[in-house]
Structure formats: C-alpha cells, structure tokens
Amino acid sequence: MKKILLLLIIPVFLFPKGRGSINGYLYDKATGEPLIYANVMLFETEYGTASSVKGYYVIPGIPEGKYKLVISMMGYEKIEEEIIIETGGEIRKDFEISPQAVKGKEVIVTAEKMRFKEKVEISRTNLSFREIRSTPSFIEADVFRTLQQLPSVTSTNDFSSALIVRGGSPDENLILLDDAEIYNPFHIGGLFSTFNADAISDAEFLAGGYPAHFSGRLSSVLNITSREGNSKQGKLFSNSKIGKFWDISRIKAEISLLSSKALAEGPFYKGAWILSGRRTYFDKIAEFYTTTRGNDQDWKYYFWDNQFKIFSDINKQNRITFSTFNGQDVLRFKFDEEKMDKIDFDWAWGNNSSSLKWRFVPNSKFFSEFILTNSGFDFDVDLLMTQSDSSGTDQSQFKIFNNINDISITEKLTWYISPEHNLTLGGTYKKRTIRFGLELDGTKFFDIKQKPNLYSLFFQDKWKVNNLLSLQIGLRASKYELHDNIYFDPRIGFKYMLLENLSLKGSWGIFNQFLFTTNDENEVLKIVDFWQPVPEKFDAISNQHFIVGLEKWFEQGFTGSVEAYYKPYSNVLTNNPDNDPVIENDEFINGKARVWGIELLLKKSTGKFTGWVGYSLSDIEKRFDYNGDGVVEKTQNEMSEIYVPKYSKPHSFNLVANYQLNKKNQFSFSWTVSSGQPYTPVVGKIYDGGSDLDNPYRELVNISGEKNSSRYPTYVRGDIGWVRSITPFGINGKFKFQVMNITNHYNVLMYLWNHDESPSQVRAISMFPIIPTFGLEFEL
C-alpha cells in the first residue's frame, strides 16, 4: 500500500512548472444543456481533452505560446479560436455551440470516440437520451429495460426490470439519480423503472471495475444525470418583470396505455429549471367503468412520480443545483361479504430523494463538488379485518413496515495537476436509519431500529504514463459503524493503446457492501425489496473484480469490445432455512460464491442506423453450509449447498436496431435469445398431513429434486417499434406504436403441478404474450 501511495504522490511534485492552462464549459446554444464528450484540442499539438458530463473541460500544463483552440462534436458547428498562453496564466473560455447537420463526408469526432480516447475504466456504457427513447420497451421508454439489452445485464423475467449484472443479485447495484441513492427504483413490483426517460440527460453504466469514488455495492453502478432544463428565453413571461427571473420555454405531454406524463422547463435566474411528472390512470378508468354500471369500486392501484431540478450560476466560479425526486405505488382494496365480514387493505411503498450541490471552480486546477443528499424508501402495509355476527363486532389489525432514511454529505475534489495527472479525492458521511417492524392489534412483535452509519475517504489518480499507457489507481477506506474494523477497497485500472484505434484494458479491485435485501432469491415475482444492514456477527459482503478486455474503435461510428471477468465472493448472505426464532441473529447465514464470464459487444452510435449486438457467456455458483456441519456439498434435493441461483442465464444474445427512415419516421427492433431460468424439478409426490395428525393422507405434495438443476425452455422475444412525427392543429407531436413479443413465443415463467389428477398433471404459466401498445406525445 505504501508503494501505491508513493506512485501517486511523487508525480505531483515532478510535473513541469511555469505553464499555463485553459478551462471552461460547453453548452448547446439552442437549449443551454451541457455538451457531453465534445472534443477540445489545441490544433497540431498533443494537448487536448473531452468535456465531461457537466460540459466542463480543462487542458493544464500548456507551454507558453500561441495556439488555435478547436472544439468539435458530431451534429454541432466547429469552433476555432486563437488563444495565447502565458507562463502561469489561466484562460477561462465558455462556449455556446449551435446544432448543425453534418455536411457531405465531413469528419467530426463523436462523443463515443472521445470516450474511447479519454476513459480508462473498463466495462463502461453511456446511454444517451436518444438511445433510451428509441429502444423498444414495454409501453414506455425505460432506462432499465434498455440496459437489460446489454450483454452485461440479464433480467429474471418479463415482469421485472431489475438488473442482474454479471451474476450479481439486484441489490448489488448502486443506483444514483443526481448523486442521491435510490433504494427501490421500480413500479408495479419491478415491471417499470421509476425514472422518467424524458428527464434523463445521460445514464452512465459501469458493469464492473468502477473507480474509488463509487462504493457500497458489489456488481455495478448506474449513475443517472437528469437534464438541467432549457435556459434560453421563455415564452410565457418573456415581456414581463417575472420573465427576468424565471419563465417557461417548453411544455411536453405524453399519453400511453400506461400513464400520462408531462414535462415543463425554462430559464431561471442565471440558470434553468425542469419539472416532470407521471401518473397511471387505469384505476380511474376502472372506477369510471364500475360507476357507470352502478357498482362501487372496491380496489385501487396506481403509481406516480415527479422530478424537479433547478440551478443558478451565481458567478463563473460557483453554481448551486437543487434536485428532488418522489415516487410512490399505492394499492388499496376492500372486501365486504354480505356486510358481515370486511377486509380493508392499504399498501403503499415508494422513494423520495433530494440533493443540494455546490459546484466551485476557483481556477483551472481545481473542480470541487459539495453534495448534500437525503434519500428514503418507505414500505407500509395496513390490513384491517372486521368480523360481525349477532354477538357483536370484532376487529383485527396487522401492520408491517420497512423504512430507510439516508442523509449523506460528500465532498469530491478533482485536482488537475498536469496533463499527466488528474487526482480526485474526497469523503462521504452516510447517516442511515433503518426500521423494520411488525404489529398485530396494537402489540409490537418487533420494531427493529438500526443506525448503520458509514464514514469513508477516497482518492484516485488518473495517470497518463505516456501516449500508450494510462493508469487509474485508487483507494477507498470505509468505517461501518456496526463493525470495529476499517475496510480498505483498492482499485487499479489500466489502458494500453495497442494501435491507434485498439486498446487493451484491465481492472482489479476489492468491493464491500454493507446493506442487503432479505427477499427469498427463489421468489418468482418480487413486489418490493426489504433492506437490512449487514449484522454485527458477519463481515461485510465482499468480492473482487478481475477484468480484462479489448476495445476497438471502427470507422463510421462503430465500437467493439471483448471482455472476460472473474468475480470471487469471499462473503455473501442469504436467509437461513432453519432459522430458530429463539436464537438471536439466526435469520441469516453466510457463504461464498463465484462468477466468471465472457462478453462481446458491437455498437453503432451515429448515423441513420444505430444500435448494438451483444453476446454473453457466464457461469455462477453459490455455496452455503446450511446444516452447519463444516462441509459444503451438492445433494440431490432442494437443500443442496452448492447450486446456481435462479437468475443464472449462461447464454444471452441481444440485438437492438434503430433506423431513422426520414424526418417523420423512425423504426426500432430488438431481439433477445437466452437460456431459460433454472428451477428445482419435481421428481415425485408424497402424502402429507401437515398439522392434521388424524389424517396423514390429507394431500399430495411435491418431492423436489436437486436445487435449480433444471432449466425452463430457451427464452425468445422480439419487439418492434414505430415513431411518426405528426403536427395536428399545428402542434408538434409524435405517434408511437410498439408490439412486444411479435412472434408470440411462449416463454415459461413457472410450472404448476396438480396431483389431484391421476396421473399428475403439470401446467406451464407464461410470461407476456404478444402485446401491441400505442401512445401520443405533444410539445408546445
């Protein structure tokens, strides 16, 4: 560890002195949104960089002299400007760049090419707003459904948008929205993600080997940046005093079979704002239908979410940004049998998050972000049962809840030391409160309140050793309040340019996780996650990432990659099948696991035809000593201690294609073929009396074979989409039509056995059949 620290510190004092620098921001002139990964260079020199997701660029360590600054990006005008660098001088240059169609065979560097040149991280994918919107999905554009089309990601079934990343369970993914952690990012039990695609600017997905400033999860990071809003002159109050402070420049609305969405944005004092909202309405349609038939609506289900972001540039050095997100699912129903027995069921769950960010850029050497976030997840069930007879009325009430409140303070400082070294360092304090309780008729069976606070420090150096080799070396130290020890997570990544457009990349790191979900991993459908901190008796959940791969940049906007990975888990937790309620902390047991795999991806990001094709081969194994005898062995029953988890899919192939036929028509297509999910087979049947000692032959039950030793048939699904621009009554809009599972392939969700028949019969339950959907979108 000392050697690593010396490697990071020594170069700080060796970089050339007496040079100058240039920095600034790049914005879209039409909307004011930042330009991401634009090429910024000094003509005919080796000095250059790419703008960040915030539109920021900096070129340090420039020798004194006269240069031509060149800024280029596909779809935008090319900027060329003469600059003079003086010894020790700093130049601040912000640019607003106009969109512009590519002319003829003009060659302009794309954002994908700049990512290829600049980024050391392996297993990285950035999804733009356009890619998310154009990928076929169920009813509405969905960032999670789009990610499931990548070779690194699989899904459990059609009813879940949860991410299975390189063999990791869904709770191993860190989901961030504007730097705030989102704990349950789903609606309808995972059928849809909770993020409105219209409000997303960029989705950065890291399937492994991610840098030290990310922590707390073992498998992946999804870092979503919401749009900043249109900062250009608004339409509503432009001629009034109000318009000097805020205005509305754009309103957009969309109606689909699922929900109604609206988005508004506009300028704010030295900045901009954006507001989006969504709500399902099939509960209203059902209520209208039952009311017209003279009946009462005895159930209600809906979900809603909204998102708001506002920023103001106080001056060139300081920006304040506030972002908030709220979403909730609500399920209620009443059952009334002949006005005697009644059931009132009320179930609500949802997320909320807020983030306040202060961005401070005092000069070209430092870029500071101070972030305060508050994130929460609430799950509450209230069941009231009322029984009435001639003797009176009796009520029984059942309540269960799981709540998380997370207040985090983060400081992240990037120091642009020289053209060879970018040092990032900082720290995070997470104050968490987690409650899990059960109450029956006013009596609390348990009400567990824990405060698993977390303190962490990190640093990371991006070191350009020479024109061929770049290193990224980092370390994170974390103190988990329920444990006495400090956890160290070293991270090392490298990129070596074999050829001008071919690089060899690799990564190794240790990753620790301090929260996990207690859901049964064998459940077919999951509504919500039950989060718990890692108990004191167990070490943190931990694994390592070993990743190596080749990345190739082709002409015409193509990129290709081949990656191999190995992930050994030194500690994982699962529910204890022999839990004894009398024994304290007996709910979970720990074990080990390992995952390996190979992935191939070919992607095209520019032109009329875009999309990707990917394939993955993987193998997963888990090992738990269920009976505590010190020996982990595979057995021919459902209690086998060595097994593959239910979400294992050894083979997966994905094809995503989008074609812009003309200005009015766009077509999309996706095709997925993967191994069927594993399941525990039924090998026989036996009589079981249950608790009825007088009748040991009450019913026939399954005799199960080896755990998850069989697989459902191969999963096959194809989706198509068509978007046509329309202008009814002079209003710009789009008509959207999609068909899911166009071949109506029968994808098996589960098997159900019926032993009442002789011989016993088995029935397959399918996932989604062929489903056509449509929607309308309008913009003012």
# chains A, B, ... in the order shown; residues from 1 in each chain; ligands from 1

call {"tool": "residues_around", "arguments": {"residues": "A:Ile285", "least_positions_apart": "4", "cutoff": "12 Å", "atoms": "only C-alpha atoms", "output": "list in words"}}
result
Leu257, Leu258, Ser259, Thr280, Tyr281, Tyr289, Thr290, Thr291, Thr292, Gln297, Lys300, Tyr301 and Tyr302 of chain A

call {"tool": "residues_around", "arguments": {"residues": "stretch 573-587 of chain A", "least_positions_apart": "4", "cutoff": "12 Å", "atoms": "only C-alpha atoms", "output": "ChimeraX atom specification"}}
result
/A:169,171-172,445-446,513-522,532-542,569,591-593,622-628,638-641,645

call {"tool": "atom_distance", "arguments": {"atom1": "atom CA of A:Asn453", "atom2": "atom CA of A:Leu163"}}
result
26.1 Å

call {"tool": "residues_around", "arguments": {"residues": "A:Phe322", "least_positions_apart": "4", "cutoff": "12 Å", "atoms": "only C-alpha atoms", "output": "PyMOL selection string"}}
result
chain A and resi 178-180+226+228+271-275+307-312+353-359+371-374

call {"tool": "atom_distance", "arguments": {"atom1": "atom CA of A:Gly437", "atom2": "atom CA of A:Phe401"}}
result
5.4 Å

call {"tool": "residues_around", "arguments": {"residues": "A:Asp441", "least_positions_apart": "2", "cutoff": "6 Å", "atoms": "only C-alpha atoms", "output": "PyMOL selection string"}}
result
chain A and resi 396-397+443

call {"tool": "select_by_dssp", "arguments": {"residues": "stretch 201-315 of chain A", "states": "strand (DSSP E)", "output": "PyMOL selection string"}}
result
chain A and resi 201-206+220-226+250-256+259-268+271-280+299-313

call {"tool": "residues_around", "arguments": {"residues": "A:Leu617", "least_positions_apart": "4", "cutoff": "6 Å", "atoms": "only C-alpha atoms", "output": "ChimeraX atom specification"}}
result
/A:597-598,650-651

call {"tool": "residues_around", "arguments": {"residues": "A:Ile407", "least_positions_apart": "2", "cutoff": "7 Å", "atoms": "only C-alpha atoms", "output": "list in words"}}
result
Thr373, Asn374, Ser375, Asn405, Ile409, Lys430, Lys431 and Arg432 of chain A

call {"tool": "write_last_selection", "arguments": {"atoms": "C-alpha atoms", "output": "short mmCIF file (atom, residue, chain, number, x, y, z; two decimals), in the first residue's frame"}}
result
data_model
loop_
_atom_site.label_atom_id
_atom_site.label_comp_id
_atom_site.auth_asym_id
_atom_site.auth_seq_id
_atom_site.Cartn_x
_atom_site.Cartn_y
_atom_site.Cartn_z
CA THR A 373 -28.45 14.37 -0.19
CA ASN A 374 -31.44 12.93 1.62
CA SER A 375 -32.86 9.67 0.28
CA ASN A 405 -33.69 7.29 5.71
CA ILE A 409 -22.63 14.53 2.90
CA LYS A 430 -23.80 8.50 5.45
CA LYS A 431 -26.23 8.74 8.34
CA ARG A 432 -28.70 5.89 7.85
#

call {"tool": "atom_distance", "arguments": {"atom1": "atom CA of A:Lys649", "atom2": "atom CA of A:Ser675"}}
result
5.2 Å

call {"tool": "closest_residue", "arguments": {"among": "A:Ile400, A:Ile742, A:Leu127, A:Val682", "to": "A:Ser605", "atoms": "only C-alpha atoms"}}
result
A:Leu127

call {"tool": "closest_residue", "arguments": {"among": "A:Tyr56, A:Phe735, A:Phe129, A:Phe43", "to": "A:Arg92", "atoms": "only C-alpha atoms"}}
result
A:Tyr56
